[in-house]
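The next block holds one structure in the form of structure tokens; read it before the comments.
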Amino acid sequence: MHHFSYRDGALFAEDVDLRRIADEVGTPVYVYSSATIERHYRLYAEAMTRAAGDGKAHVFYAMKANGNLGVLKTLASLGAGADTVSEGEVRKALAAGFPPERLVFSGVGKSESELRFAVEAGIYQVNIETESELDLLSRVASQLGKRQEAVFRVNPDIGAGGHAKITTGSSENKFGVSFEEVGRLYARAANLPGVRMMGLALHIGSQIRETESFEAAYAKMATLVGELRGEGHRVERLDLGGGLGIPYDIPKEFDHGPGLIEAYADMVARVTKGLEVELGFEPGRLIVGNAGILMTRVLHLNPRPSKQFLVVDAAMNDLVRPAMYEAYHEIWPVAEPKPGTPDIAYDVVGPICESGDTFTTGRVLPALKPGDLIAFMTAGAYGASMASTYNQRLLVPEVLVKGAEFAVTRPRQTFEQLLGTDRAPPWLA
Ligand code: LLP
């Protein structure tokens with residue numbers, strides 16, 4: 001469920017008329033609903049706590065999905081931890097108020113300086129993905145006089161996901177140490193002064209809308225836990241990753257409901273029963289996906305004999321998912337269409353100079369005209385966080401709504417900021 005709905009003829013985010021935000025902040029603009037973020041976080045955290053039974057469940061929000069300060073502060077205040085993948089994310093999580101002891105550092109290629117920063121900050125756990133990272137982490141931590149708690153991210157050779165580019169768990173993917181290597185690496189780690197191995201992690205992919213592939217991967221991990229313990233290793237934590245998907249093709253009255261989350265929690269409870277590990281989770285999309293929209297204004301209509309282009313002021317640099325993954329986003333007009341408005345099939349495109357800058361083709365929408373506002377729904381995850389300044393376009397602003405209030409939590413970039421970071425080479429200055 002989300003908190004975007006029609007009221008008095010217009011689309012509202014909670015109790016805020018989106019036309020007000022368009023007037024005051026301009027377009028394109030991302031708008032997030034606090035109530036939706038809270039609802040999804042609570043549903044998820046409560047279900048995973050139940051799944052953990054007598055053990056502990058830790059939820060580390062995968063902030064790559066949406067690193068907006070307002071979103072992060074909302075989640076930090078609810079008690080969430082954060083899953084980070086770069087020094088920038090660690091810094092931003094700390095700035096947003098996540099305590100270091102609720103931070104996990106994942107990622108396939110962490111550098112020495114990134115590891116140093118994270119260890120010095122006192123984070124909870126590093127998810128190690130290669131043997132050389134194990135050595136590097138131990139060296140960095142011992143130089144700081146510390147022993148960093150860590151887990152091995154294992155590649156379970158079971159991948160899943162809504163698109164090949166977001167599948168991570170197959171042995172063909174770059175992620176994690178191979179299943180066969182974990183025992184040897186665990187044994188090596190025992191002799192290293194700067195790390196303390198606490199367990200295992202995995203993450204098999206994103207936008208996964210069933211529980212079978214998770215179950216197959218988790219069952220493999222459960223067996224591995226037993227094997228490692230048999231070899232005398234300490235395995236106290238199992239970080240099960242993120243990846244649970246959300247519905248993108250939402251009919252207007254759709255209630256997202258807890259169905260898939262509950263089924264996933266039941267499966268986790270079944271597969272991890274008796275393992276006596278603390279469970280970790282790294283959800284991203286599930287927490288913020290339905291909590292955000294990208295609002296854009298129609299600039300022009302470009303009719304052709306065979307089709308009708310709708311040119312809007314948002315582009316692939318603002319929301320790259322359709323261009324990159326052929327992703328589907330519902331489009332809702334901000335002004336509720338009057339009865340009798342004809343339906344027209346549009347190719348909805350942005351102003352960027354390549355044909356890939358297409359949000360959708362042949363989408364049937366109530367007739368629109370220049371100046372009208374539309375919303376790309378379910379754009380809260382991997383929307384603004386993947387935005388760029390391609391075509392020297394300004395980074396898109398972000399707004400957080402709470403009840404009848406809204407705040408610009410990231411103003412639109414200015415042209416001074418955009419141009420001000422460049423430096424001319426001395427021979428051309
Ligand atoms: N943990 C790790 C180690 C990850 O790599 C990811 C996402 C997550 C957690 C969170 O996964 P989620 O719960 O959000 O599925 N840009 C793509 C999605 C890329 C996901 C990358 N890793 C998209 O727009 O669909």
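Numbering starts fresh at 1 for the residues of each chain in the structure tokens, the chains themselves are lettered A, B, ... in the order given, and ligands are numbered from 1 as they appear.
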For this session: Extract the full set of alpha helix (DSSP H) residues from range 224-322 of chain A according to DSSP on the backbone, and format it as a VMD selection string.
Result: chain A and resid 224 to 230 259 to 272 285 to 288 321 to 322
For this session: Excluding range 137-140 of chain A and residues on its chain fewer than 4 positions from it, collect all residues at most 6 Å away from it, counting only C-alpha atoms, and give them as a ChimeraX atom specification.
Result: /A:116,133,194-195
For this session: Residues within 8 Å of ligand 1 should be enumerated using only C-alpha atoms and all ligand atoms and returned as a PyMOL selection string.
Result: chain A and resi 61-65+83+85+106-107+162-163+165-166+168+202-203+205-208+241-245+281-287+320-321+325+327+381-383+386
Could you write those residues out with C-alpha atoms, as a compact mmCIF listing (two decimals), in the first residue's frame?
```txt
# COMPACT_ATOMS: atom_id res chain seq x y z
CA TYR A 61 18.19 -0.66 4.89
CA ALA A 62 20.10 -0.82 1.57
CA MET A 63 20.58 2.90 1.15
CA LYS A 64 21.68 2.64 -2.46
CA ALA A 65 17.96 2.39 -3.24
CA ASP A 83 23.64 -1.42 4.40
CA VAL A 85 28.54 0.11 -0.27
CA SER A 106 29.03 -4.48 1.58
CA GLY A 107 30.41 -4.26 -1.92
CA GLY A 162 13.62 -8.99 -12.37
CA HIS A 163 16.32 -8.46 -15.03
CA LYS A 165 21.45 -6.75 -14.89
CA ILE A 166 20.14 -7.02 -11.34
CA THR A 168 23.78 -11.19 -8.43
CA LEU A 202 24.49 -13.52 0.63
CA HIS A 203 22.39 -11.46 -1.75
CA GLY A 205 19.40 -10.40 -6.83
CA SER A 206 16.74 -7.74 -6.86
CA GLN A 207 13.02 -7.45 -7.69
CA ILE A 208 12.41 -11.11 -6.82
CA GLY A 241 20.54 -9.86 1.87
CA GLY A 242 17.71 -7.95 0.24
CA GLY A 243 15.99 -8.45 -3.06
CA LEU A 244 12.31 -8.95 -2.24
CA GLY A 245 10.35 -7.34 -5.07
CA PHE A 281 18.41 -8.40 6.19
CA GLU A 282 19.25 -5.76 3.58
CA PRO A 283 16.00 -4.62 1.96
CA GLY A 284 16.10 -1.57 -0.29
CA ARG A 285 13.37 -1.46 -2.92
CA LEU A 286 10.73 -2.99 -0.66
CA ILE A 287 11.07 -0.17 1.85
CA VAL A 320 17.11 5.66 -15.81
CA ARG A 321 15.27 2.41 -14.98
CA TYR A 325 16.27 -2.33 -17.54
CA ALA A 327 11.46 -1.19 -16.41
CA ALA A 381 13.83 3.08 -5.26
CA TYR A 382 16.73 3.47 -7.68
CA GLY A 383 15.23 6.69 -9.04
CA MET A 386 20.74 6.75 -9.98
```
Give me the residues within 12 Å of Thr84 in chain A as a CSV table (one decimal) with C-alpha atoms, in the first residue's frame, counting only C-alpha atoms and dropping any in the same chain fewer than 2 places off.
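Okay, out-v6.csv is ready:
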```
chain,number,residue,atom,x,y,z
A,60,PHE,CA,19.9,-2.9,7.4
A,61,TYR,CA,18.2,-0.7,4.9
A,62,ALA,CA,20.1,-0.8,1.6
A,63,MET,CA,20.6,2.9,1.2
A,64,LYS,CA,21.7,2.6,-2.5
A,65,ALA,CA,18.0,2.4,-3.2
A,66,ASN,CA,17.4,5.9,-1.9
A,67,GLY,CA,20.0,7.9,-0.1
A,72,LEU,CA,17.5,8.1,5.8
A,81,GLY,CA,20.4,0.0,10.4
A,82,ALA,CA,21.9,0.7,7.0
A,86,SER,CA,31.0,3.0,-0.4
A,87,GLU,CA,32.7,5.5,1.9
A,88,GLY,CA,30.2,8.1,0.7
A,89,GLU,CA,27.3,5.9,1.9
A,90,VAL,CA,29.0,5.3,5.2
A,91,ARG,CA,29.5,9.0,5.7
A,92,LYS,CA,26.0,9.8,4.7
A,93,ALA,CA,24.5,7.2,6.9
A,94,LEU,CA,26.5,8.6,9.9
A,98,PHE,CA,22.5,5.9,12.0
A,100,PRO,CA,28.0,3.1,13.5
A,102,ARG,CA,24.0,-0.4,13.0
A,103,LEU,CA,26.1,-0.1,9.8
A,104,VAL,CA,27.1,-2.9,7.4
A,105,PHE,CA,29.6,-2.3,4.7
A,106,SER,CA,29.0,-4.5,1.6
A,107,GLY,CA,30.4,-4.3,-1.9
A,108,VAL,CA,32.6,-6.1,-4.4
A,110,LYS,CA,36.2,-1.8,-1.3
A,114,GLU,CA,37.2,3.1,2.4
A,115,LEU,CA,37.9,0.2,4.7
A,118,ALA,CA,34.6,2.3,8.1
A,123,ILE,CA,30.9,-0.1,12.1
A,124,TYR,CA,29.1,-3.3,13.0
A,125,GLN,CA,30.2,-5.6,10.1
A,126,VAL,CA,32.1,-5.7,6.9
A,127,ASN,CA,30.8,-8.2,4.3
A,282,GLU,CA,19.2,-5.8,3.6
A,283,PRO,CA,16.0,-4.6,2.0
A,284,GLY,CA,16.1,-1.6,-0.3
```
Exercise. Can you tell me, as a ChimeraX atom specification, what residues are no more than 6 Å from range 397-402 of chain A when counting only C-alpha atoms, ignoring any on the same chain fewer than 4 positions away?
Worked result: /A:29-34,406-412
For this session: Would you mind telling me which residue in A:Gly289, A:Pro425, A:Gly420, A:Gly340 lies nearest to Gly380 in chain A when using only C-alpha atoms?
Result: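 So, comparing all the options, the nearest one is A:Gly289.
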Problem set entry | Residue nearest Thr49 in chain A among A:Leu418, A:Ala189, A:Leu279, A:Leu228 (counting only C-alpha atoms) |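 Of A:Leu418, A:Ala189, A:Leu279, A:Leu228, the one nearest Thr49 in chain A, counting only C-alpha atoms, is A:Leu279.
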